[in-house]
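**Q** Take a look at the following structure, please.
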Amino acid sequence: MTSKKTGYLLGAVAGIGVAAAALAATDVQLPMAEKSGPSMPVIRASTAPVFAPPPGAPLSFADIFEQVSPAVVSVNVTSRADARALRQIPGFEGLPFGIIPRAPRGATPEDEEEQPGPTQMSAGSGFFISADGYIVTNNHVVENAEEIKVVLKDERELVAEIVGRDEATDLAVLKVKGANFPYVSFENTALPRVGDWVIAVGNPFGLTATATSGIVSAYGRDIGETFVDFIQIDAPINRGNSGGPTFDIYGRVIGVNTAIFSPSGGSVGIGFAIPAATADTITKQLIASGGVTRGYIGATIQNYTREMAEAQGLGDQRGAIVSDTVPGGPSARAGLQAGDVVISVNGVAVRTSSELTREVAKATAGDNLRLEVIRGGARRTIQVRSGVRPNERELAANDNSGSRSTPRGQAPAQPEYPEVLGMSLAPIDDAARRTFGIAAEIRGVVVTALASSSDAARKGLRRGDVIVRANSRAVAAASDLAAEVDAAQKAGRPSVLIGVNRDGRTLFLPLDIAR
């Protein structure tokens, strides 16, 4: 996970280095209450008064911690650093071979990639889910591991092997040899309410068997992971807590700690846990087969927003709009098209691209998926035969492999190009393809200039972008886009929905007609 552009950290909380941390303790004295009011009942004791907790809160978490902590382990990982990445860090370029291995003189970039980096250590958390040694943790804790050792509460150290990993949900299952391990169970149904107490146990900053408490802050948090709606908690979790459990007050696992949101890298009371229901389902599949298989239709999709719907006269319709289909993939074979708005899968309504992906993922290879779509303002049903979803690395590689083969150059000085919505639009001829590196299969009109005050410029369009669609119409000339703008104006719509191809990928966005 990556840091947000605002400077706040939204990141995995596993990796702590081997460098020792200096810990300082400060004595804090709390002032005694002068008196208790009606809203502050006291428990009389032989020492100073102790204020009673709110109704339903335990007097102490000690019994719960004693019950569950033996099942929680530290996960210590030995891996290799990326030598090429280290050599790009200022000050590391000239380090000798023994510290950062170098590729032989004259080696290719591929040869350099194969050079092993220096050994590094990191640590996370995990917990037993069975007496015979199965352990749940986060994928990002162990994904590059060369060696994994888990440390139990009684200080035993055991070598662990990876049973299976799932990048899409950031979950992994490990296995250690032995029997009669203490273990805990997932709670899938009787979940705590928002505001109920929870306890996080783990290995923050290498401090083993650490317990923190707090409440459930929210359910269904979207932090950019397609297959997980996270639980937000305010029990302090930090680096090293990744993969550790969050418990309810009955000692049942209700989540797997995974990420934090923080301006400093430390806890500020905003942590995220994978819900137990998701973790239970995924870990069972990993144990059974070593991996997770999901359905796949071979389409690039994005959220169909209110503004997009207004641009097409569809009111407040929600769904997922198809940006592209994979050539020869399930969607392309079934006739799904760019610009189609998917509103349900097998009768289940979808309002976002994530909901569509999750519904498709429930299928197995060969299943028929009944997609209800809106095309040209009319509803139709398309039957798509599901394939198997590639792993996340393969999908990311496809996402980053644009079809542009040459860098953007300077557009030829031809000021007479027609202008629509503040964009100067040129036909795509051989010169335009060479100038802007447009792939041979792309059809449309290329943006050669933008008015700085235009909505297109405000929304990030730039020279070299190709307009391929306007509403449900394929664009072959500037006049096609102009005709759609004119039709939208006559219909009283505030915007027109365009499809923009950049680096071989298409994205839909509405452009304000008034601007």
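Here's how to read the names in the structure tokens: chain A, B, ... by the order shown, residue numbers from 1 in each chain, ligand numbers from 1 in the order shown.
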Near Phe205 (chain A), counting only C-alpha atoms, which residues have an atom at most 8 Å away, once you skip same-chain residues fewer than 5 positions from it, shown as a list in words?

**A**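 The residues that qualify are Ile16, Asn238, Arg239, Gly240 and Asn241 of chain A.
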
**Q** For Pro182 (chain A), work out the shell of residues within 12 Å, counting only C-alpha atoms and skipping chain neighbours fewer than 6 positions away, then give it as a list of chain:residue names.

**A**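 Contacts, with the query itself left out: A:Glu66, A:Gln67, A:Val68, A:Ser69, A:Pro70, A:Ala71, A:Val72, A:Val73, A:Phe127, A:Phe128, A:Ile129, A:Ser130, A:Ala131, A:Asp132, A:Gly133, A:Tyr134, A:Ile135, A:Leu152, A:Lys153, A:Asp154.
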
**Q** Mind dumping the selected residues with C-alpha atoms as an mmCIF file, in the first residue's frame?

**A**
```cif
data_model
loop_
_atom_site.group_PDB
_atom_site.id
_atom_site.type_symbol
_atom_site.label_atom_id
_atom_site.label_comp_id
_atom_site.auth_asym_id
_atom_site.auth_seq_id
_atom_site.Cartn_x
_atom_site.Cartn_y
_atom_site.Cartn_z
ATOM 1 C CA GLU A 66 -4.946 -14.294 29.018
ATOM 2 C CA GLN A 67 -7.392 -16.423 27.045
ATOM 3 C CA VAL A 68 -6.347 -15.415 23.513
ATOM 4 C CA SER A 69 -2.740 -14.213 23.619
ATOM 5 C CA PRO A 70 -1.133 -17.714 23.491
ATOM 6 C CA ALA A 71 -2.589 -18.072 19.964
ATOM 7 C CA VAL A 72 -0.924 -14.873 18.701
ATOM 8 C CA VAL A 73 2.598 -15.107 17.251
ATOM 9 C CA PHE A 127 -2.360 -16.144 14.880
ATOM 10 C CA PHE A 128 -3.145 -19.858 15.000
ATOM 11 C CA ILE A 129 -6.517 -20.925 13.599
ATOM 12 C CA SER A 130 -6.044 -24.641 14.217
ATOM 13 C CA ALA A 131 -4.351 -26.925 16.729
ATOM 14 C CA ASP A 132 -2.225 -28.510 13.999
ATOM 15 C CA GLY A 133 -0.272 -25.363 13.167
ATOM 16 C CA TYR A 134 -2.057 -23.242 10.556
ATOM 17 C CA ILE A 135 -1.369 -19.522 11.039
ATOM 18 C CA LEU A 152 5.179 -18.048 20.269
ATOM 19 C CA LYS A 153 4.219 -16.410 23.538
ATOM 20 C CA ASP A 154 6.247 -19.018 25.437
#
```

**Q** Smallest atom-to-atom distance to Ser386 (chain A): which of A:Asp367, A:Asp430, A:Glu310, A:Asp166, using only C-alpha atoms?

**A** A:Asp367

**Q** What does the structure give for the distance between CA of Val468 (chain A) and CA of Gln312 (chain A), in Å to one decimal?

**A**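 Pair CA of Val468 (chain A) / CA of Gln312 (chain A) returns 16.3 Å.
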
**Q** Just want the 9 Å neighbourhood of region 488-492 of chain A, counted on only C-alpha atoms, with same-chain residues fewer than 3 positions away dropped. Output as a VMD selection string.

**A** chain A and resid 311 to 313 483 to 485 495 to 496 513

**Q** Might you pull out every residue within 6 Å of Val173 (chain A), with only C-alpha atoms counted and same-chain residues fewer than 2 positions away left off, and present them as a PyMOL selection string?

**A** chain A and resi 135-136+163-164

**Q** Fewer than 2 positions away in the same chain doesn't count, so skip those; otherwise give me all residues within 10 Å of Pro510 (chain A), counting only C-alpha atoms, as JSON, numbers by chain.

**A** {"A": [305, 306, 307, 308, 309, 310, 311, 312, 455, 456, 459, 470, 471, 494, 495, 496, 497, 498, 499, 508, 512, 513]}

**Q** CA of Val256 (chain A) and CA of Val292 (chain A) are how many Å apart?

**A**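 About the pair CA of Val256 (chain A) and CA of Val292 (chain A): they are 17.9 Å apart.
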
**Q** Can you list, as a CSV table (one decimal) with N, CA and C atoms, in the first residue's frame, every protein, DNA or RNA residue that comes within 9 Å of Glu359 (chain A) when you count only C-alpha atoms, leaving out same-chain residues fewer than 6 positions away?

**A**
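In the end it all went to out-v2.csv:
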```
chain,number,residue,atom,x,y,z
A,295,GLY,N,-13.8,-15.6,-10.6
A,295,GLY,CA,-14.3,-15.4,-12.0
A,295,GLY,C,-13.7,-14.1,-12.6
A,345,VAL,N,-25.7,-8.2,-12.1
A,345,VAL,CA,-25.0,-9.5,-12.5
A,345,VAL,C,-25.9,-10.6,-11.9
A,346,ASN,N,-26.4,-11.5,-12.7
A,346,ASN,CA,-27.3,-12.6,-12.2
A,346,ASN,C,-28.4,-12.1,-11.3
A,348,VAL,N,-28.4,-9.5,-9.3
A,348,VAL,CA,-27.9,-8.7,-8.2
A,348,VAL,C,-27.5,-7.3,-8.7
A,350,VAL,N,-25.7,-3.9,-9.1
A,350,VAL,CA,-24.3,-3.3,-8.8
A,350,VAL,C,-24.3,-1.8,-9.0
```

**Q** Could you tell me which of A:Val141, A:Ala123, A:Ala334, A:Ile199 comes closest to Pro236 (chain A) if we count only C-alpha atoms?

**A** A:Ile199
